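So this one's final_0.tsv, TSV, C-alpha atoms:
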```tsv
chain	number	residue	atom	x	y	z
E	1400	MET	CA	102.54	101.16	107.07
E	1401	ARG	CA	105.27	103.77	107.20
E	1402	LYS	CA	105.04	103.73	111.00
E	1403	VAL	CA	105.91	100.04	111.34
E	1404	PHE	CA	108.91	100.39	109.00
E	1405	ILE	CA	110.18	103.32	111.06
E	1406	PHE	CA	109.69	101.30	114.26
E	1407	SER	CA	111.78	98.46	112.84
E	1408	PHE	CA	114.49	100.75	111.51
E	1409	LEU	CA	114.83	102.67	114.78
E	1410	LEU	CA	114.92	99.51	116.87
E	1411	VAL	CA	117.75	98.08	114.73
E	1412	ALA	CA	119.54	101.46	114.60
E	1413	GLY	CA	119.39	101.67	118.38
E	1414	LEU	CA	120.70	98.11	118.65
E	1415	VAL	CA	123.71	99.01	116.48
E	1416	LEU	CA	124.38	102.22	118.44
E	1417	SER	CA	124.25	100.30	121.72
E	1418	GLN	CA	127.38	98.42	120.68
E	1419	PHE	CA	129.45	101.56	120.00
E	1420	VAL	CA	128.23	104.36	122.27
E	1421	PRO	CA	129.55	102.83	125.55
E	1422	HIS	CA	133.07	102.61	124.08
E	1423	LEU	CA	132.89	106.20	122.80
E	1424	LEU	CA	131.64	107.69	126.08
E	1425	GLY	CA	133.98	105.84	128.38
E	1426	THR	CA	133.64	107.23	131.94
E	1427	GLY	CA	130.70	109.41	130.88
E	1428	PHE	CA	128.57	106.33	130.15
E	1429	HIS	CA	126.93	106.36	133.61
E	1430	VAL	CA	125.43	109.83	133.06
E	1431	TYR	CA	124.34	108.84	129.57
E	1432	LYS	CA	122.66	105.67	130.91
E	1433	THR	CA	120.82	107.63	133.62
E	1434	ILE	CA	119.41	110.08	131.07
E	1435	LEU	CA	118.59	107.25	128.65
E	1436	ASP	CA	116.64	105.32	131.29
E	1437	ALA	CA	114.73	108.45	132.36
E	1438	LEU	CA	113.66	109.16	128.78
E	1439	LEU	CA	112.67	105.53	128.33
E	1440	TYR	CA	110.46	105.46	131.41
E	1441	ILE	CA	108.81	108.77	130.52
E	1442	SER	CA	108.07	107.73	126.95
E	1443	LEU	CA	106.83	104.31	128.14
E	1444	ALA	CA	104.50	106.04	130.61
E	1445	PHE	CA	103.21	108.29	127.79
E	1446	ILE	CA	102.48	105.24	125.64
E	1447	MET	CA	100.79	103.31	128.44
E	1448	ILE	CA	98.57	106.26	129.42
E	1449	ASN	CA	97.28	106.29	125.85
E	1450	VAL	CA	96.75	102.51	125.96
E	1451	GLY	CA	94.73	103.00	129.15
E	1452	ARG	CA	92.63	105.68	127.46
E	1453	GLU	CA	91.66	103.09	124.87
E	1454	PHE	CA	90.35	100.76	127.58
E	1455	GLU	CA	86.60	101.15	127.78
E	1456	ILE	CA	84.02	98.52	128.71
E	1457	ASN	CA	80.47	98.55	130.07
E	1458	LYS	CA	80.97	97.77	133.77
E	1459	LYS	CA	77.27	96.95	134.22
E	1460	GLN	CA	77.69	94.08	131.78
E	1461	TRP	CA	81.15	92.99	132.85
E	1462	ARG	CA	80.18	89.31	132.84
E	1463	THR	CA	79.66	89.49	129.07
E	1464	TYR	CA	83.40	90.13	128.72
E	1465	SER	CA	84.47	86.98	130.59
E	1466	VAL	CA	84.90	84.93	127.41
E	1467	ASP	CA	86.75	87.79	125.70
E	1468	TYR	CA	89.16	88.14	128.61
E	1469	ALA	CA	89.77	84.38	128.69
E	1470	VAL	CA	90.46	84.42	124.94
E	1471	ALA	CA	92.78	87.41	125.31
E	1472	MET	CA	94.65	85.64	128.12
E	1473	GLY	CA	95.08	82.60	125.90
E	1474	ALA	CA	96.23	84.74	122.98
E	1475	ALA	CA	98.85	86.29	125.26
E	1476	ALA	CA	99.83	83.12	127.13
E	1477	PHE	CA	100.43	80.73	124.24
E	1478	PRO	CA	102.99	82.87	122.34
E	1479	TRP	CA	104.73	83.60	125.64
E	1480	LEU	CA	104.97	79.95	126.71
E	1481	LEU	CA	105.94	78.67	123.25
E	1482	VAL	CA	108.76	81.22	122.96
E	1483	ALA	CA	109.98	80.48	126.50
E	1484	LEU	CA	110.12	76.74	125.80
E	1485	TYR	CA	111.89	77.36	122.47
E	1486	TYR	CA	114.52	79.48	124.22
E	1487	LEU	CA	115.09	76.90	126.95
E	1488	PHE	CA	115.17	73.75	124.85
E	1489	VAL	CA	116.30	74.88	121.39
E	1490	VAL	CA	118.40	78.05	121.57
E	1491	ALA	CA	120.26	77.20	124.77
E	1492	PRO	CA	123.04	74.62	124.19
E	1493	PRO	CA	122.07	71.18	125.56
E	1494	GLU	CA	125.31	70.92	127.54
E	1495	MET	CA	124.29	73.94	129.65
E	1496	GLN	CA	121.12	72.11	130.81
E	1497	ILE	CA	119.54	75.39	131.87
E	1498	TRP	CA	116.13	73.70	131.94
E	1499	ASN	CA	117.28	72.17	135.24
E	1500	ASN	CA	117.80	75.62	136.75
E	1501	ASP	CA	114.89	77.46	138.40
E	1502	ASP	CA	116.52	80.86	137.86
E	1503	ALA	CA	116.82	80.16	134.13
E	1504	TRP	CA	113.08	79.42	133.94
E	1505	LYS	CA	112.02	82.63	135.65
E	1506	GLU	CA	114.47	84.73	133.62
E	1507	THR	CA	113.25	83.17	130.39
E	1508	PHE	CA	109.61	83.65	131.37
E	1509	LEU	CA	110.23	87.36	131.93
E	1510	LEU	CA	112.20	87.91	128.72
E	1511	SER	CA	109.86	85.91	126.48
E	1512	ARG	CA	106.82	87.89	127.69
E	1513	PHE	CA	107.63	90.39	124.92
E	1514	ALA	CA	105.81	88.04	122.51
E	1515	ALA	CA	102.50	88.31	124.38
E	1516	PRO	CA	101.00	91.81	123.89
E	1517	THR	CA	99.35	92.97	120.68
E	1518	SER	CA	100.11	96.49	119.43
E	1519	ALA	CA	96.68	98.04	119.93
E	1520	GLY	CA	97.74	101.45	118.62
E	1521	ILE	CA	99.07	100.20	115.28
E	1522	LEU	CA	96.17	97.79	114.81
E	1523	PHE	CA	93.34	100.21	115.64
E	1524	THR	CA	94.76	103.06	113.59
E	1525	MET	CA	95.33	100.97	110.46
E	1526	LEU	CA	91.93	99.24	110.58
E	1527	ALA	CA	90.06	102.47	111.32
E	1528	ALA	CA	91.86	104.20	108.44
E	1529	ALA	CA	90.72	101.34	106.19
E	1530	GLY	CA	87.08	102.10	107.03
E	1531	LEU	CA	86.56	98.95	109.13
E	1532	LYS	CA	85.72	100.68	112.40
E	1533	PHE	CA	82.13	99.41	112.51
E	1534	THR	CA	82.81	95.79	111.56
E	1535	TRP	CA	82.60	92.84	113.97
E	1536	VAL	CA	86.29	92.06	113.40
E	1537	TYR	CA	87.36	95.56	114.42
E	1538	LYS	CA	85.16	95.64	117.53
E	1539	LYS	CA	86.27	92.20	118.66
E	1540	VAL	CA	89.96	92.73	118.06
E	1541	GLN	CA	89.71	96.07	119.87
E	1542	ILE	CA	88.51	94.31	123.02
E	1543	LEU	CA	90.98	91.43	122.77
E	1544	ALA	CA	94.03	93.61	122.06
E	1545	ILE	CA	93.35	95.84	125.06
E	1546	PHE	CA	92.67	92.83	127.29
E	1547	ASP	CA	95.90	91.08	126.33
E	1548	ASP	CA	97.85	94.30	126.98
E	1549	LEU	CA	96.15	94.46	130.39
E	1550	ASP	CA	96.97	90.80	131.03
E	1551	THR	CA	100.62	91.45	130.18
E	1552	ILE	CA	100.77	94.43	132.54
E	1553	ILE	CA	99.18	92.53	135.42
E	1554	LEU	CA	101.35	89.44	134.91
E	1555	MET	CA	104.49	91.57	135.18
E	1556	ILE	CA	103.77	91.82	138.91
E	1557	PRO	CA	104.18	88.09	139.75
E	1558	LEU	CA	107.09	87.91	137.29
E	1559	GLN	CA	108.74	90.76	139.17
E	1560	ILE	CA	108.18	88.90	142.44
E	1561	LEU	CA	109.80	85.80	140.92
E	1562	MET	CA	112.83	87.83	139.86
E	1563	VAL	CA	113.34	89.69	143.13
E	1564	GLY	CA	112.04	87.15	145.63
E	1565	MET	CA	109.29	87.34	148.23
E	1566	ARG	CA	110.76	90.06	150.45
E	1567	TRP	CA	108.72	92.59	152.40
E	1568	GLN	CA	109.19	95.12	149.60
E	1569	MET	CA	107.26	92.80	147.31
E	1570	PHE	CA	104.26	93.00	149.63
E	1571	VAL	CA	104.40	96.79	149.28
E	1572	ILE	CA	104.52	96.50	145.49
E	1573	LEU	CA	101.68	93.96	145.51
E	1574	PHE	CA	99.58	96.19	147.77
E	1575	VAL	CA	100.14	99.20	145.47
E	1576	ALA	CA	99.24	97.10	142.43
E	1577	ILE	CA	95.97	95.89	144.00
E	1578	ILE	CA	95.02	99.45	145.00
E	1579	LEU	CA	95.74	100.68	141.47
E	1580	ILE	CA	93.64	97.94	139.87
E	1581	VAL	CA	90.71	98.60	142.24
E	1582	VAL	CA	90.88	102.36	141.66
E	1583	GLY	CA	91.15	101.86	137.89
E	1584	TRP	CA	88.06	99.66	137.86
E	1585	LYS	CA	85.90	101.72	140.20
E	1586	LYS	CA	86.87	105.12	138.78
E	1587	MET	CA	87.07	104.13	135.10
E	1588	LYS	CA	86.33	107.16	132.88
E	1589	SER	CA	85.43	109.22	135.97
E	1590	TYR	CA	87.87	112.13	135.95
E	1591	ASN	CA	87.71	114.94	133.42
E	1592	LEU	CA	91.46	115.43	133.17
E	1593	PRO	CA	93.08	117.41	130.33
E	1594	GLN	CA	94.19	114.97	127.64
E	1595	GLY	CA	96.25	116.98	125.18
E	1596	TRP	CA	99.70	115.64	124.40
E	1597	LYS	CA	101.42	118.25	126.60
E	1598	TRP	CA	99.34	117.20	129.58
E	1599	ILE	CA	99.92	113.49	129.01
E	1600	LEU	CA	103.65	114.13	128.69
E	1601	GLY	CA	103.50	116.13	131.93
E	1602	TYR	CA	101.70	113.29	133.71
E	1603	SER	CA	104.40	110.91	132.45
E	1604	VAL	CA	107.22	113.08	133.79
E	1605	VAL	CA	105.56	113.48	137.22
E	1606	MET	CA	104.86	109.74	137.41
E	1607	PHE	CA	108.47	108.90	136.59
E	1608	LEU	CA	109.78	111.37	139.18
E	1609	LEU	CA	107.54	109.93	141.91
E	1610	ILE	CA	108.47	106.30	141.15
E	1611	ASP	CA	112.16	107.17	140.85
E	1612	ALA	CA	112.04	109.12	144.13
E	1613	LEU	CA	110.46	106.13	145.90
E	1614	TYR	CA	113.19	103.88	144.52
E	1615	ARG	CA	116.03	106.20	145.54
E	1616	ILE	CA	114.65	106.88	149.03
E	1617	SER	CA	114.07	103.18	149.72
E	1618	THR	CA	117.57	102.39	148.41
E	1619	TYR	CA	119.06	105.05	150.69
E	1620	PHE	CA	117.39	103.62	153.80
E	1621	PHE	CA	117.37	99.89	153.03
E	1622	GLY	CA	120.18	99.39	150.52
E	1623	GLY	CA	120.02	98.03	146.97
E	1624	GLU	CA	118.34	94.76	147.95
E	1625	GLY	CA	115.75	96.60	150.04
E	1626	SER	CA	114.72	99.08	147.35
E	1627	ILE	CA	111.10	99.44	146.26
E	1628	HIS	CA	110.84	99.58	142.47
E	1629	ILE	CA	107.36	99.89	140.98
E	1630	GLU	CA	107.21	99.28	137.23
E	1631	ILE	CA	105.62	102.24	135.48
E	1632	LEU	CA	103.40	100.09	133.22
E	1633	LEU	CA	100.46	99.64	135.61
E	1634	PRO	CA	100.29	103.15	137.16
E	1635	ALA	CA	100.39	104.75	133.70
E	1636	PHE	CA	97.74	102.37	132.33
E	1637	VAL	CA	95.43	103.04	135.30
E	1638	LEU	CA	95.82	106.81	134.89
E	1639	GLY	CA	94.69	106.45	131.29
E	1640	MET	CA	91.75	104.28	132.42
E	1641	ILE	CA	90.32	106.86	134.81
E	1642	MET	CA	90.42	109.71	132.28
E	1643	LYS	CA	86.94	110.73	131.22
E	1644	GLY	CA	85.75	111.03	127.65
E	1645	GLU	CA	85.88	109.00	124.49
E	1646	HIS	CA	89.20	108.53	122.80
E	1647	SER	CA	88.92	108.30	119.05
E	1648	PRO	CA	91.13	105.71	117.31
E	1649	VAL	CA	91.93	108.48	114.81
E	1650	PRO	CA	93.17	111.30	117.12
E	1651	ARG	CA	93.75	114.95	116.32
E	1652	GLN	CA	96.56	115.45	113.86
E	1653	LYS	CA	98.84	117.31	116.30
E	1654	ASP	CA	98.34	114.74	119.06
E	1655	GLU	CA	98.91	111.91	116.60
E	1656	ARG	CA	102.19	113.41	115.35
E	1657	VAL	CA	103.53	113.89	118.86
E	1658	SER	CA	102.35	110.44	119.95
E	1659	ASN	CA	104.05	108.87	116.94
E	1660	GLY	CA	107.20	110.86	117.62
E	1661	ILE	CA	107.38	109.65	121.22
E	1662	SER	CA	106.75	106.07	120.09
E	1663	TYR	CA	109.58	106.40	117.56
E	1664	LEU	CA	111.88	107.79	120.24
E	1665	PHE	CA	110.93	104.95	122.57
E	1666	MET	CA	111.79	102.26	120.02
E	1667	LEU	CA	115.16	103.91	119.33
E	1668	LEU	CA	115.91	104.17	123.05
E	1669	VAL	CA	114.97	100.53	123.66
E	1670	GLY	CA	117.49	99.52	120.99
E	1671	MET	CA	120.13	101.81	122.51
E	1672	SER	CA	119.57	100.21	125.93
E	1673	MET	CA	120.72	96.80	124.74
E	1674	PRO	CA	123.80	95.51	126.59
E	1675	LEU	CA	127.03	94.82	124.75
E	1676	PHE	CA	127.13	91.49	122.93
E	1677	ILE	CA	129.88	91.96	120.31
E	1678	GLY	CA	133.23	90.65	121.53
E	1679	VAL	CA	131.87	89.98	125.03
E	1680	ASP	CA	132.67	87.06	127.32
E	1681	PHE	CA	129.11	85.95	128.07
E	1682	ALA	CA	130.18	83.58	130.85
E	1683	ALA	CA	131.86	86.47	132.69
E	1684	VAL	CA	128.83	88.71	132.14
E	1685	ALA	CA	126.50	86.03	133.46
E	1686	GLU	CA	128.64	85.55	136.56
E	1687	GLN	CA	128.79	89.30	137.21
E	1688	SER	CA	125.05	89.90	136.65
E	1689	ASN	CA	123.88	86.67	138.34
E	1690	SER	CA	121.87	85.86	135.21
E	1691	ILE	CA	121.84	82.31	133.89
E	1692	ILE	CA	120.47	82.99	130.41
E	1693	SER	CA	122.98	85.81	129.83
E	1694	GLY	CA	125.68	83.14	129.82
E	1695	ILE	CA	124.39	81.42	126.68
E	1696	PRO	CA	127.26	81.75	124.15
E	1697	MET	CA	126.85	84.08	121.19
E	1698	LEU	CA	125.83	82.23	118.01
E	1699	PRO	CA	126.77	82.79	114.36
E	1700	TRP	CA	124.49	85.35	112.71
E	1701	VAL	CA	123.10	82.76	110.30
E	1702	ILE	CA	121.94	80.66	113.26
E	1703	ILE	CA	120.52	83.75	114.96
E	1704	ALA	CA	118.57	84.56	111.79
E	1705	ILE	CA	117.08	81.04	111.81
E	1706	HIS	CA	116.07	81.42	115.45
E	1707	VAL	CA	114.50	84.83	114.73
E	1708	PHE	CA	112.45	83.30	111.93
E	1709	MET	CA	111.35	80.36	114.08
E	1710	VAL	CA	110.45	82.52	117.10
E	1711	THR	CA	108.38	84.78	114.82
E	1712	ILE	CA	106.51	81.75	113.47
E	1713	ILE	CA	105.78	80.08	116.80
E	1714	SER	CA	104.82	83.31	118.56
E	1715	ASN	CA	102.26	84.04	115.86
E	1716	ILE	CA	100.98	80.46	115.91
E	1717	GLY	CA	100.20	81.07	119.58
E	1718	LYS	CA	98.19	84.15	118.60
E	1719	LEU	CA	95.79	81.91	116.62
E	1720	PHE	CA	94.07	81.03	119.92
E	1721	PRO	CA	90.90	83.13	119.14
E	1722	LEU	CA	90.32	80.94	116.08
E	1723	PHE	CA	88.85	78.26	118.35
E	1724	PHE	CA	86.18	80.53	119.83
E	1725	TYR	CA	83.26	82.67	118.59
E	1726	LYS	CA	81.80	79.75	116.64
E	1727	ASP	CA	78.77	81.89	115.70
E	1728	ARG	CA	81.04	83.79	113.28
E	1729	THR	CA	82.64	82.50	110.09
E	1730	THR	CA	86.06	80.87	110.09
E	1731	LYS	CA	87.38	83.73	107.96
E	1732	GLU	CA	86.27	86.32	110.51
E	1733	ARG	CA	87.81	84.40	113.40
E	1734	LEU	CA	91.04	84.00	111.45
E	1735	ALA	CA	91.03	87.73	110.67
E	1736	VAL	CA	90.77	88.50	114.39
E	1737	SER	CA	93.63	86.10	115.14
E	1738	VAL	CA	95.90	87.52	112.43
E	1739	GLY	CA	95.12	91.03	113.64
E	1740	MET	CA	96.54	89.98	117.01
E	1741	PHE	CA	99.90	89.22	115.32
E	1742	THR	CA	100.83	92.92	115.44
E	1743	ARG	CA	103.47	93.77	118.06
E	1744	GLY	CA	104.84	97.12	119.17
E	1745	GLU	CA	105.55	99.39	122.09
E	1746	VAL	CA	104.23	97.28	124.98
E	1747	GLY	CA	106.35	94.30	123.90
E	1748	ALA	CA	109.36	96.59	123.59
E	1749	GLY	CA	108.56	97.86	127.10
E	1750	VAL	CA	108.79	94.29	128.40
E	1751	LEU	CA	112.23	93.95	126.80
E	1752	PHE	CA	113.34	97.17	128.46
E	1753	ILE	CA	112.15	95.91	131.86
E	1754	ALA	CA	114.01	92.63	131.26
E	1755	ILE	CA	117.19	94.60	130.58
E	1756	GLY	CA	116.65	96.33	133.94
E	1757	TYR	CA	117.01	92.91	135.58
E	1758	ASN	CA	120.39	92.42	133.83
E	1759	LEU	CA	119.00	89.92	131.33
E	1760	GLY	CA	120.96	89.96	128.11
E	1761	GLY	CA	122.93	87.76	125.78
E	1762	VAL	CA	121.84	85.95	122.67
E	1763	LEU	CA	118.22	85.50	123.82
E	1764	LEU	CA	117.81	89.25	124.07
E	1765	VAL	CA	119.30	89.71	120.60
E	1766	VAL	CA	116.88	87.14	119.16
E	1767	SER	CA	113.96	88.83	120.94
E	1768	VAL	CA	114.77	92.29	119.60
E	1769	LEU	CA	115.28	91.07	116.03
E	1770	THR	CA	112.08	89.00	116.24
E	1771	MET	CA	110.15	92.12	117.16
E	1772	CYS	CA	111.73	93.93	114.18
E	1773	LEU	CA	110.75	91.14	111.78
E	1774	ASN	CA	107.22	91.00	113.14
E	1775	LEU	CA	106.89	94.77	112.70
E	1776	LEU	CA	108.05	94.48	109.10
E	1777	LEU	CA	105.39	91.81	108.50
E	1778	THR	CA	102.62	93.92	110.05
E	1779	GLY	CA	101.61	95.36	106.68
E	1780	PHE	CA	100.92	91.86	105.35
E	1781	PHE	CA	98.94	90.95	108.47
E	1782	ILE	CA	96.75	94.05	108.31
E	1783	SER	CA	96.25	93.70	104.54
E	1784	TYR	CA	94.92	90.20	105.10
E	1785	VAL	CA	92.57	91.39	107.85
E	1786	LYS	CA	91.27	94.19	105.60
E	1787	ARG	CA	90.70	91.86	102.67
E	1788	VAL	CA	88.92	89.19	104.70
E	1789	THR	CA	86.79	91.69	106.64
E	1790	ARG	CA	85.64	93.50	103.51
E	1791	ALA	CA	84.91	90.22	101.71
E	1792	THR	CA	82.94	88.92	104.69
E	1793	SER	CA	80.96	92.16	104.93
E	1794	VAL	CA	79.98	91.86	101.27
E	1795	GLU	CA	78.97	88.21	101.74
E	1796	LEU	CA	76.80	89.03	104.75
E	1797	THR	CA	75.07	92.06	103.25
E	1798	PRO	CA	72.54	90.15	101.07
E	1799	ALA	CA	71.60	87.89	103.98
E	1800	SER	CA	70.94	90.84	106.27
E	1801	THR	CA	68.65	92.75	103.88
```
As structure tokens:
Amino acid sequence: MRKVFIFSFLLVAGLVLSQFVPHLLGTGFHVYKTILDALLYISLAFIMINVGREFEINKKQWRTYSVDYAVAMGAAAFPWLLVALYYLFVVAPPEMQIWNNDDAWKETFLLSRFAAPTSAGILFTMLAAAGLKFTWVYKKVQILAIFDDLDTIILMIPLQILMVGMRWQMFVILFVAIILIVVGWKKMKSYNLPQGWKWILGYSVVMFLLIDALYRISTYFFGGEGSIHIEILLPAFVLGMIMKGEHSPVPRQKDERVSNGISYLFMLLVGMSMPLFIGVDFAAVAEQSNSIISGIPMLPWVIIAIHVFMVTIISNIGKLFPLFFYKDRTTKERLAVSVGMFTRGEVGAGVLFIAIGYNLGGVLLVVSVLTMCLNLLLTGFFISYVKRVTRATSVELTPAST
């Protein structure tokens, strides 16, 4: 529980700092931004490698997971689509009519994807610590949470193509993505690589350097529009997938402390990466960045608070998708699985960071960040409900099974 409060605090603290640091640094802001982005990518790679290590299925029985993957896709898609529609038709002023603009749709689809992924790390750790590791709810939510993270990572590829356009560089990125997915599937849990926190951090640094080098070299030869930029989400996830050995949901104490520390740093850095929105001419920013949604005027904080509350509600309503499946289980169990999927965390924050990289900002970004903070603060209530329902259901089923 302490972890989710720290996440929320650091995200908000970073958001506040992002409004003052650029003014304080002045001409030194470029160097600061370069270092900030490097640390963000490295910490995101570290997090995604660990998410990939959690991914483990029986490949010989892969067809048995088809329903689970479909459910996970629905649990990721519905919050995403509901939030995107809310942004387009409710938050944006009617006079802007951004729903008539194709660029506005693709920008909103990318930004609102933050609502899709479940925080597998927070969820697994809290349920395992509660002694629920061997329950049906835990096992099912473990599969669904990993699958909806995977779905989010894979969907970032077509979203990236939408943002950049179908240039030849996109075929390179698509080819690399397909190769990574094939390698991840065929070589899952095949390589006995060292998995201590120092090694995983080292992998993250090397991965960032390689991707950054590819971007800089392609920019040098082909210019900014011809650059090849591969998002670090998929390569890091696949690296975690191919690592051999079981990964306990309750890791060694040292690894857990370092992992938590890097996650905390990542949330702070995401907040610090937010563009300026206090005293900014959003129309000018939108024109300069070629972003439609960045031009939505800043709203009074009371209105923003209402939007944050509404986006939190509708994004979690979308996560109730698993409730309509697994009819062989009780309604309480299915609801517990759905509520467990409410938890959000690092992967969603990673999506926001990627959206910032495409110069998406403005009031929609502010609402998205604050929505993630509110959802994190509510995580304790979500997990408490899952614990209570799962334990009660286990007690009810015990007499029938003996």
Between CA of Asn1774 in chain E and CA of Leu1664 in chain E, what distance in Å does the model show, to one decimal? 18.8 Å
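Shortest separation to Gly1760 in chain E among E:Leu1510, E:Leu1592, E:Ile1553, E:Val1582 occurs at residue E:Leu1510, atoms counted being all atoms listed in the file.
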Skip Pro1634 in chain E itself and residues of its chain fewer than 3 positions away, then list as number ranges by chain all residues within 9 Å of it, counting all atoms listed in the file. E: 1444, 1447-1448, 1576, 1579-1580, 1606, 1629-1631, 1637-1639
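CA of Ile1545 in chain E is positioned 8.4 Å from CA of Gly1451 in chain E.
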For Asp1654 in chain E, please output as a ChimeraX atom specification all residues within 10 Å (counting only C-alpha atoms; exclusion window: fewer than 5 positions along the same chain). /E:1594-1597,1649,1659-1660
Take the point (87.5, 105.1, 138.7) in the file's coordinates, draw a sphere of radius 10 Å around it, and report as a VMD selection string every protein, DNA or RNA residue with an atom inside or on it, counting all atoms listed in the file. chain E and resid 1579 to 1590 1637 to 1638 1640 to 1643
Please identify all polymer residues within 9 Å of Leu1667 in chain E, counting all atoms listed in the file, omitting same-chain residues fewer than 3 positions from it, and present them as a list in words. Phe1406, Phe1408, Leu1409, Leu1410, Val1411, Ala1412, Gly1413, Leu1414, Ser1662, Tyr1663, Leu1664, Gly1670, Met1671 and Ser1672 of chain E
Work out where the centre of an axis-aligned box around every listed atom of range 1771-1781 of chain E lies and how long its edges are once 6 Å is added on each side; give both in Å to one decimal as JSON.
```
{"center_x": 105.3, "center_y": 93.2, "center_z": 111.3, "size_x": 24.8, "size_y": 16.4, "size_z": 23.8}
```
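The gap separating CA of Val1669 in chain E from CA of His1706 in chain E is 20.8 Å, in Å to one decimal.
Residues of protein, DNA and RNA with at least one atom no farther than 6 Å from (87.3, 92.1, 125.0) are, using only C-alpha atoms, Tyr1464, Asp1467, Tyr1468, Ile1542, Leu1543 and Phe1546 of chain E.
If you measure from each of E:Phe1607, E:His1628, E:Val1766, E:Leu1561 to Ile1702 in chain E using only C-alpha atoms, the closest one turns out to be E:Val1766.
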What's the 10 Å shell around range 1717-1722 of chain E, counting only C-alpha atoms, without same-chain residues fewer than 4 positions away, as a compact mmCIF listing (two decimals) with C-alpha atoms, keeping the file's coordinate frame?
```txt
# COMPACT_ATOMS: atom_id res chain seq x y z
CA ASP E 1467 86.75 87.79 125.70
CA ALA E 1469 89.77 84.38 128.69
CA VAL E 1470 90.46 84.42 124.94
CA ALA E 1471 92.78 87.41 125.31
CA MET E 1472 94.65 85.64 128.12
CA GLY E 1473 95.08 82.60 125.90
CA ALA E 1474 96.23 84.74 122.98
CA ALA E 1475 98.85 86.29 125.26
CA ALA E 1476 99.83 83.12 127.13
CA PHE E 1477 100.43 80.73 124.24
CA PRO E 1478 102.99 82.87 122.34
CA TRP E 1479 104.73 83.60 125.64
CA LEU E 1480 104.97 79.95 126.71
CA LEU E 1481 105.94 78.67 123.25
CA VAL E 1482 108.76 81.22 122.96
CA ALA E 1514 105.81 88.04 122.51
CA ALA E 1515 102.50 88.31 124.38
CA PRO E 1516 101.00 91.81 123.89
CA THR E 1517 99.35 92.97 120.68
CA VAL E 1540 89.96 92.73 118.06
CA LEU E 1543 90.98 91.43 122.77
CA ILE E 1712 106.51 81.75 113.47
CA ILE E 1713 105.78 80.08 116.80
CA LYS E 1726 81.80 79.75 116.64
CA THR E 1729 82.64 82.50 110.09
CA THR E 1730 86.06 80.87 110.09
CA LYS E 1731 87.38 83.73 107.96
CA GLU E 1732 86.27 86.32 110.51
CA ARG E 1733 87.81 84.40 113.40
CA LEU E 1734 91.04 84.00 111.45
CA ALA E 1735 91.03 87.73 110.67
CA VAL E 1736 90.77 88.50 114.39
CA SER E 1737 93.63 86.10 115.14
CA VAL E 1738 95.90 87.52 112.43
CA GLY E 1739 95.12 91.03 113.64
CA MET E 1740 96.54 89.98 117.01
CA PHE E 1741 99.90 89.22 115.32
CA THR E 1742 100.83 92.92 115.44
```
Repair of range 1652-1663 of chain E at the level of N, CA and C atoms, as a short mmCIF file (atom, residue, chain, number, x, y, z; two decimals), keeping the file's coordinate frame:
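Below you can see selection.cif, which holds the result:
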```cif
data_model
loop_
_atom_site.label_atom_id
_atom_site.label_comp_id
_atom_site.auth_asym_id
_atom_site.auth_seq_id
_atom_site.Cartn_x
_atom_site.Cartn_y
_atom_site.Cartn_z
N GLN E 1652 95.32 115.58 114.62
CA GLN E 1652 96.56 115.45 113.86
C GLN E 1652 97.79 115.81 114.69
N LYS E 1653 97.70 116.89 115.48
CA LYS E 1653 98.84 117.31 116.30
C LYS E 1653 99.17 116.25 117.34
N ASP E 1654 98.12 115.76 118.04
CA ASP E 1654 98.34 114.74 119.06
C ASP E 1654 98.92 113.46 118.45
N GLU E 1655 98.43 113.13 117.27
CA GLU E 1655 98.91 111.91 116.60
C GLU E 1655 100.38 112.04 116.23
N ARG E 1656 100.78 113.22 115.73
CA ARG E 1656 102.19 113.41 115.35
C ARG E 1656 103.10 113.30 116.56
N VAL E 1657 102.71 113.94 117.65
CA VAL E 1657 103.53 113.89 118.86
C VAL E 1657 103.57 112.47 119.42
N SER E 1658 102.41 111.81 119.45
CA SER E 1658 102.35 110.44 119.95
C SER E 1658 103.24 109.51 119.13
N ASN E 1659 103.18 109.67 117.80
CA ASN E 1659 104.05 108.87 116.94
C ASN E 1659 105.52 109.17 117.20
N GLY E 1660 105.82 110.47 117.37
CA GLY E 1660 107.20 110.86 117.62
C GLY E 1660 107.75 110.25 118.90
N ILE E 1661 106.94 110.23 119.96
CA ILE E 1661 107.38 109.65 121.22
C ILE E 1661 107.52 108.13 121.09
N SER E 1662 106.62 107.50 120.34
CA SER E 1662 106.75 106.07 120.09
C SER E 1662 108.02 105.75 119.32
N TYR E 1663 108.34 106.59 118.31
CA TYR E 1663 109.58 106.40 117.56
C TYR E 1663 110.79 106.53 118.48
#
```
